[in-house]
Amino acid sequence: MARDNTVILPWIFCLCCSMQALWAQQTPLYEMRDDVQSRWISFENPTGEKGAGGKANQGAKGAAFKKIPAGEELVLMDVAGAGVINRMWFTMSNRSPRMLRSIVLRMYWDDAETPAVETPFGDFFGAILGEMKPFESELFSSPEGRSFNAFVPMPFRTRARITFTNDSEEDLSALFYDINYSIYETGLGEPLYFHATWRRERWTELGKDFTILPKIMGKGRFLGAHVGVIGHPDNLGWWGEGEVKIFLDGDEAFPTLVGTGTEDYVGTAYFQGEFSNRHQGSLLIDNVNMFWSFYRHHVPDPVFFHQDIRVTIQQMGGAMQEFVKEMLEKEVEIIPVSVATQDAFVSLLDSAPPKKLDDDDVPYGWTNYYRRDDVSAVALFYLDKPENGLPRIAPREQRIAAVGERNCSEK
């Protein structure tokens, strides 16, 4: 079949330009940049100043870690100028789910009053629901489940400030970290700023999508999400039938981008097991205690927005029809929406009134239904301004409710 290069070549050019613009701050391995200086910040050199590292204890590893008392906010990084954070690494003495949900990570760009990043520490780094698992993606990793790595490029034009707040009720006896960044002496131009936000609904509203990313205005790129689900105790079925919807540039009732199911969005199919891949993964599948988590990073499949964006996921599950009827008889809060067989797909909501499972024209089969669950998510995105106008993070009590309450044999 002949190819129409007038269509293919411009598309390839635009995609390459988009990726080049995002990752331009990463210098090729073979290239020398006279205007770029390399810096590391840690407790051994908290300012990143040239020639100022490792002074404690006469240079003999005198400041590898620090105790962070309960309630204390620590400034991890505060540097002026233009640059790019290339990598962050952390580990700590207490990595329990409640501690990882209690600690708050904040990042401010260019003297902004509100943070561009404000999330629970664990969920940001992929320890979703505060549960640590060994994994590796292109943007985050925890090689053995004991450390936290981020490789997301985070440019700043005039200043970068990062804080670590121990919002728990107990001291953190040891925090280790280093932040690796580059200083661009000739400036960076006008790169997008990195943002991350977290939200949770202890129990979602029946028939209403969970909002992963509330509507934000501006230009940018949606980079993906880390999502955690704690199942409602009354539910008997599969949790992951909900479709991810991305509303772009004026979309209102219906989105431009829509998936076909939760496990499909994560890149697997027909239910969902534990795995981690370069751009998608499912790190926690505990069907006994009903704790589940997954991530999806839109690196090879960019999601650009030019006016505004909003991202949601349907609160929908599925089961064979007898289990759905059993839940209805027990008055569990569910709403059947469709029935699938080998030969047909029957929509229940298109008719008025909606069809019921006992109707003569409704076949027996797999039944999808709206359900309620405890859902939380970190949304990752780039934006053309250092502040996003989103609500501030929820109080600690709302962040830690039910977190870590799993049977030890299932961890």
# chains A, B, ... in the order shown; residues from 1 in each chain; ligands from 1

$ select_by_dssp --residues "stretch 104-326 of chain A" --states "helix (DSSP H, G or I)" --output "PyMOL selection string"
chain A and resi 121-124+128-130+262-265+321-326

$ write_last_selection --atoms "N, CA and C atoms" --output "short mmCIF file (atom, residue, chain, number, x, y, z; two decimals), in the first residue's frame"
data_model
loop_
_atom_site.label_atom_id
_atom_site.label_comp_id
_atom_site.auth_asym_id
_atom_site.auth_seq_id
_atom_site.Cartn_x
_atom_site.Cartn_y
_atom_site.Cartn_z
N PHE A 121 4.11 12.11 50.18
CA PHE A 121 5.42 11.70 49.69
C PHE A 121 5.37 10.36 48.97
N GLY A 122 4.78 9.36 49.60
CA GLY A 122 4.78 8.02 49.01
C GLY A 122 4.06 7.94 47.70
N ASP A 123 2.85 8.50 47.63
CA ASP A 123 2.06 8.42 46.39
C ASP A 123 2.78 9.08 45.23
N PHE A 124 3.50 10.16 45.50
CA PHE A 124 4.23 10.84 44.43
C PHE A 124 5.27 9.92 43.81
N ILE A 128 2.02 4.01 46.07
CA ILE A 128 0.61 4.41 46.05
C ILE A 128 -0.11 3.76 47.22
N LEU A 129 -1.00 4.52 47.86
CA LEU A 129 -1.63 4.10 49.11
C LEU A 129 -0.59 3.89 50.22
N GLY A 130 0.60 4.47 50.03
CA GLY A 130 1.66 4.32 51.00
C GLY A 130 2.32 2.96 51.00
N THR A 262 -10.34 0.34 32.95
CA THR A 262 -9.19 0.64 33.78
C THR A 262 -7.98 -0.19 33.41
N GLU A 263 -8.16 -1.51 33.32
CA GLU A 263 -7.01 -2.35 32.99
C GLU A 263 -6.52 -2.09 31.58
N ASP A 264 -7.41 -1.63 30.70
CA ASP A 264 -7.01 -1.28 29.34
C ASP A 264 -6.15 -0.02 29.35
N TYR A 265 -6.52 0.96 30.18
CA TYR A 265 -5.74 2.19 30.30
C TYR A 265 -4.33 1.90 30.80
N GLN A 321 -23.87 -11.85 36.16
CA GLN A 321 -25.16 -11.27 36.50
C GLN A 321 -25.72 -11.72 37.84
N GLU A 322 -25.48 -12.98 38.23
CA GLU A 322 -26.05 -13.45 39.49
C GLU A 322 -25.47 -12.70 40.68
N PHE A 323 -24.18 -12.31 40.60
CA PHE A 323 -23.58 -11.57 41.70
C PHE A 323 -24.12 -10.14 41.76
N VAL A 324 -24.36 -9.57 40.59
CA VAL A 324 -24.94 -8.23 40.56
C VAL A 324 -26.35 -8.25 41.14
N LYS A 325 -27.15 -9.26 40.78
CA LYS A 325 -28.50 -9.38 41.34
C LYS A 325 -28.45 -9.58 42.85
N GLU A 326 -27.48 -10.35 43.31
CA GLU A 326 -27.35 -10.57 44.75
C GLU A 326 -27.07 -9.25 45.47
#

$ residues_around --residues "A:Asn180" --least-positions-apart "4" --cutoff "8 Å" --atoms "only C-alpha atoms" --output "PyMOL selection string"
chain A and resi 38-41+85-88

$ residues_around --residues "stretch 54-69 of chain A" --least-positions-apart "3" --cutoff "6 Å" --atoms "only C-alpha atoms" --output "number ranges by chain"
A: 43-44, 72, 171-176

$ closest_residue --among "A:Arg396, A:Pro143, A:Tyr184, A:Thr204" --to "A:Ile103" --atoms "only C-alpha atoms"
A:Arg396

$ residues_around --residues "A:Val332" --least-positions-apart "4" --cutoff "8 Å" --atoms "only C-alpha atoms" --output "list of chain:residue names"
A:Asp234, A:Asn235, A:Met327, A:Leu328

$ write_last_selection --atoms "C-alpha atoms" --output "PDB file, in the first residue's frame"
ATOM      1  CA  ASP A 234     -20.199  -4.526  50.225  1.00  0.00           C
ATOM      2  CA  ASN A 235     -18.978  -5.085  46.663  1.00  0.00           C
ATOM      3  CA  MET A 327     -25.921  -7.136  45.512  1.00  0.00           C
ATOM      4  CA  LEU A 328     -29.134  -5.471  44.336  1.00  0.00           C
TER       5      LEU A 328
END

$ closest_residue --among "A:Gln342, A:Thr186, A:Thr312, A:Ser168" --to "A:Ile246" --atoms "only C-alpha atoms"
A:Thr312

$ residues_around --residues "A:Ile313" --least-positions-apart "3" --cutoff "8 Å" --atoms "only C-alpha atoms" --output "list in words"
Asp209, Phe210, Thr211, Ile212, Gly242, Glu243, Val244 and Lys245 of chain A

$ closest_residue --among "A:His232, A:Tyr181, A:Met92, A:Leu348" --to "A:Met290" --atoms "only C-alpha atoms"
A:His232

$ atom_distance --atom1 "atom CA of A:Arg95" --atom2 "atom CA of A:Ile400"
13.7 Å

$ residues_around --residues "A:Phe254" --least-positions-apart "2" --cutoff "12 Å" --atoms "only C-alpha atoms" --output "ChimeraX atom specification"
/A:244-252,256-258,310-312

$ atom_distance --atom1 "atom CA of A:Ile393" --atom2 "atom CA of A:Phe164"
13.8 Å

$ closest_atom_pairs --of "stretch 336-386 of chain A" --to "stretch 146-157 of chain A" --cutoff "10 Å" --atoms "only C-alpha atoms" --output "JSON lines"
{"residue": "A:Leu380", "atom": "CA", "partner": "A:Val152", "partner_atom": "CA", "distance": 9.9}
{"residue": "A:Tyr382", "atom": "CA", "partner": "A:Met154", "partner_atom": "CA", "distance": 9.1}
{"residue": "A:Pro386", "atom": "CA", "partner": "A:Phe156", "partner_atom": "CA", "distance": 8.8}

$ write_last_selection --atoms "C-alpha atoms" --output "compact mmCIF listing (two decimals), in the first residue's frame"
# COMPACT_ATOMS: atom_id res chain seq x y z
CA LEU A 380 1.37 14.71 37.02
CA TYR A 382 3.41 20.33 32.91
CA PRO A 386 4.36 28.09 38.11

$ select_by_dssp --residues "stretch 183-378 of chain A" --states "strand (DSSP E or B)" --output "ChimeraX atom specification"
/A:183-184,193-201,210-217,220-231,238,244-248,257-258,275-276,280-286,291-297,303-305,308-313,316-320,335-340,345-347,366-370,373-378

$ closest_residue --among "A:Thr47, A:Ser282, A:Asn166, A:Thr91" --to "A:Ser142" --atoms "only C-alpha atoms"
A:Thr91

$ atom_distance --atom1 "atom CA of A:Lys208" --atom2 "atom CA of A:Trp239"
14.9 Å

$ closest_residue --among "A:Val104, A:Ile309, A:Val378, A:Leu383" --to "A:Ile162" --atoms "only C-alpha atoms"
A:Val104

$ decode --residues "stretch 67-185 of chain A" --atoms "C-alpha atoms" --output "mmCIF file, in the first residue's frame"
data_model
loop_
_atom_site.group_PDB
_atom_site.id
_atom_site.type_symbol
_atom_site.label_atom_id
_atom_site.label_comp_id
_atom_site.auth_asym_id
_atom_site.auth_seq_id
_atom_site.Cartn_x
_atom_site.Cartn_y
_atom_site.Cartn_z
ATOM 1 C CA LYS A 67 16.283 13.490 62.117
ATOM 2 C CA ILE A 68 13.004 15.200 61.208
ATOM 3 C CA PRO A 69 10.850 15.809 64.302
ATOM 4 C CA ALA A 70 7.083 15.440 64.137
ATOM 5 C CA GLY A 71 5.479 18.578 62.706
ATOM 6 C CA GLU A 72 8.705 19.987 61.250
ATOM 7 C CA GLU A 73 9.029 21.376 57.717
ATOM 8 C CA LEU A 74 12.509 21.056 56.248
ATOM 9 C CA VAL A 75 13.746 23.019 53.228
ATOM 10 C CA LEU A 76 15.521 20.464 51.043
ATOM 11 C CA MET A 77 16.499 22.832 48.238
ATOM 12 C CA ASP A 78 16.425 26.576 47.695
ATOM 13 C CA VAL A 79 18.517 27.774 44.763
ATOM 14 C CA ALA A 80 18.351 30.835 42.528
ATOM 15 C CA GLY A 81 18.905 30.994 38.789
ATOM 16 C CA ALA A 82 17.781 28.903 35.841
ATOM 17 C CA GLY A 83 18.142 25.158 35.914
ATOM 18 C CA VAL A 84 16.650 21.697 35.704
ATOM 19 C CA ILE A 85 16.236 19.081 38.406
ATOM 20 C CA ASN A 86 17.233 15.822 36.727
ATOM 21 C CA ARG A 87 16.953 13.284 39.539
ATOM 22 C CA MET A 88 15.820 12.993 43.132
ATOM 23 C CA TRP A 89 16.621 10.115 45.517
ATOM 24 C CA PHE A 90 15.359 9.509 49.052
ATOM 25 C CA THR A 91 15.226 6.858 51.703
ATOM 26 C CA MET A 92 14.137 7.014 55.336
ATOM 27 C CA SER A 93 14.004 4.986 58.510
ATOM 28 C CA ASN A 94 10.191 4.713 58.692
ATOM 29 C CA ARG A 95 8.546 3.735 55.415
ATOM 30 C CA SER A 96 5.189 2.622 56.803
ATOM 31 C CA PRO A 97 2.041 3.445 54.793
ATOM 32 C CA ARG A 98 0.822 5.928 57.386
ATOM 33 C CA MET A 99 4.178 7.736 57.478
ATOM 34 C CA LEU A 100 4.392 7.906 53.675
ATOM 35 C CA ARG A 101 0.886 9.391 53.574
ATOM 36 C CA SER A 102 1.670 11.804 56.420
ATOM 37 C CA ILE A 103 4.788 13.335 54.854
ATOM 38 C CA VAL A 104 4.029 16.121 52.382
ATOM 39 C CA LEU A 105 6.340 16.985 49.484
ATOM 40 C CA ARG A 106 6.079 20.521 48.094
ATOM 41 C CA MET A 107 7.877 22.233 45.210
ATOM 42 C CA TYR A 108 7.784 25.936 44.361
ATOM 43 C CA TRP A 109 9.073 27.514 41.162
ATOM 44 C CA ASP A 110 10.208 31.105 40.584
ATOM 45 C CA ASP A 111 9.088 32.695 43.880
ATOM 46 C CA ALA A 112 5.513 31.429 43.487
ATOM 47 C CA GLU A 113 3.426 31.757 46.649
ATOM 48 C CA THR A 114 1.675 28.395 46.240
ATOM 49 C CA PRO A 115 3.348 25.079 45.419
ATOM 50 C CA ALA A 116 3.292 23.546 41.967
ATOM 51 C CA VAL A 117 3.754 20.140 43.611
ATOM 52 C CA GLU A 118 1.887 19.254 46.799
ATOM 53 C CA THR A 119 1.347 15.544 47.400
ATOM 54 C CA PRO A 120 1.822 12.804 49.971
ATOM 55 C CA PHE A 121 5.420 11.701 49.692
ATOM 56 C CA GLY A 122 4.778 8.022 49.012
ATOM 57 C CA ASP A 123 2.064 8.416 46.390
ATOM 58 C CA PHE A 124 4.228 10.841 44.432
ATOM 59 C CA PHE A 125 7.104 8.374 44.157
ATOM 60 C CA GLY A 126 4.906 5.409 43.245
ATOM 61 C CA ALA A 127 4.316 4.034 46.761
ATOM 62 C CA ILE A 128 0.611 4.411 46.049
ATOM 63 C CA LEU A 129 -1.631 4.100 49.110
ATOM 64 C CA GLY A 130 1.660 4.323 51.000
ATOM 65 C CA GLU A 131 2.527 0.766 49.940
ATOM 66 C CA MET A 132 6.135 0.265 48.823
ATOM 67 C CA LYS A 133 6.909 -2.192 46.029
ATOM 68 C CA PRO A 134 10.061 -2.772 43.967
ATOM 69 C CA PHE A 135 9.431 -1.315 40.498
ATOM 70 C CA GLU A 136 10.977 0.683 37.685
ATOM 71 C CA SER A 137 9.377 3.006 35.173
ATOM 72 C CA GLU A 138 10.900 5.673 32.975
ATOM 73 C CA LEU A 139 10.004 8.404 35.469
ATOM 74 C CA PHE A 140 10.131 6.710 38.903
ATOM 75 C CA SER A 141 11.692 3.675 40.530
ATOM 76 C CA SER A 142 12.272 1.822 43.777
ATOM 77 C CA PRO A 143 14.773 -0.917 42.903
ATOM 78 C CA GLU A 144 14.259 -3.000 46.034
ATOM 79 C CA GLY A 145 11.264 -1.312 47.637
ATOM 80 C CA ARG A 146 13.405 0.673 50.082
ATOM 81 C CA SER A 147 14.142 3.901 48.190
ATOM 82 C CA PHE A 148 12.399 6.603 46.191
ATOM 83 C CA ASN A 149 13.752 7.795 42.828
ATOM 84 C CA ALA A 150 12.302 10.363 40.415
ATOM 85 C CA PHE A 151 13.736 11.132 36.983
ATOM 86 C CA VAL A 152 11.093 13.626 35.840
ATOM 87 C CA PRO A 153 12.795 16.732 34.363
ATOM 88 C CA MET A 154 11.747 19.759 36.432
ATOM 89 C CA PRO A 155 12.896 23.071 34.925
ATOM 90 C CA PHE A 156 12.883 26.386 36.755
ATOM 91 C CA ARG A 157 13.587 29.822 35.342
ATOM 92 C CA THR A 158 14.659 31.895 38.370
ATOM 93 C CA ARG A 159 14.357 29.752 41.531
ATOM 94 C CA ALA A 160 13.576 26.265 42.845
ATOM 95 C CA ARG A 161 12.428 25.584 46.391
ATOM 96 C CA ILE A 162 11.514 22.100 47.721
ATOM 97 C CA THR A 163 10.235 21.295 51.216
ATOM 98 C CA PHE A 164 9.652 18.092 53.191
ATOM 99 C CA THR A 165 7.068 18.216 55.979
ATOM 100 C CA ASN A 166 6.776 15.513 58.609
ATOM 101 C CA ASP A 167 3.059 15.902 59.240
ATOM 102 C CA SER A 168 2.917 12.741 61.351
ATOM 103 C CA GLU A 169 2.720 12.424 65.126
ATOM 104 C CA GLU A 170 6.118 10.747 65.460
ATOM 105 C CA ASP A 171 9.686 11.760 64.776
ATOM 106 C CA LEU A 172 11.382 10.463 61.650
ATOM 107 C CA SER A 173 14.736 9.305 62.981
ATOM 108 C CA ALA A 174 16.609 9.352 59.667
ATOM 109 C CA LEU A 175 16.035 11.017 56.286
ATOM 110 C CA PHE A 176 18.612 10.581 53.510
ATOM 111 C CA TYR A 177 18.335 12.387 50.162
ATOM 112 C CA ASP A 178 20.080 13.966 47.238
ATOM 113 C CA ILE A 179 18.754 16.178 44.475
ATOM 114 C CA ASN A 180 20.779 16.305 41.263
ATOM 115 C CA TYR A 181 20.304 19.354 39.042
ATOM 116 C CA SER A 182 21.928 21.437 36.337
ATOM 117 C CA ILE A 183 22.457 25.199 36.344
ATOM 118 C CA TYR A 184 21.994 26.864 32.959
ATOM 119 C CA GLU A 185 24.051 30.029 33.036
#
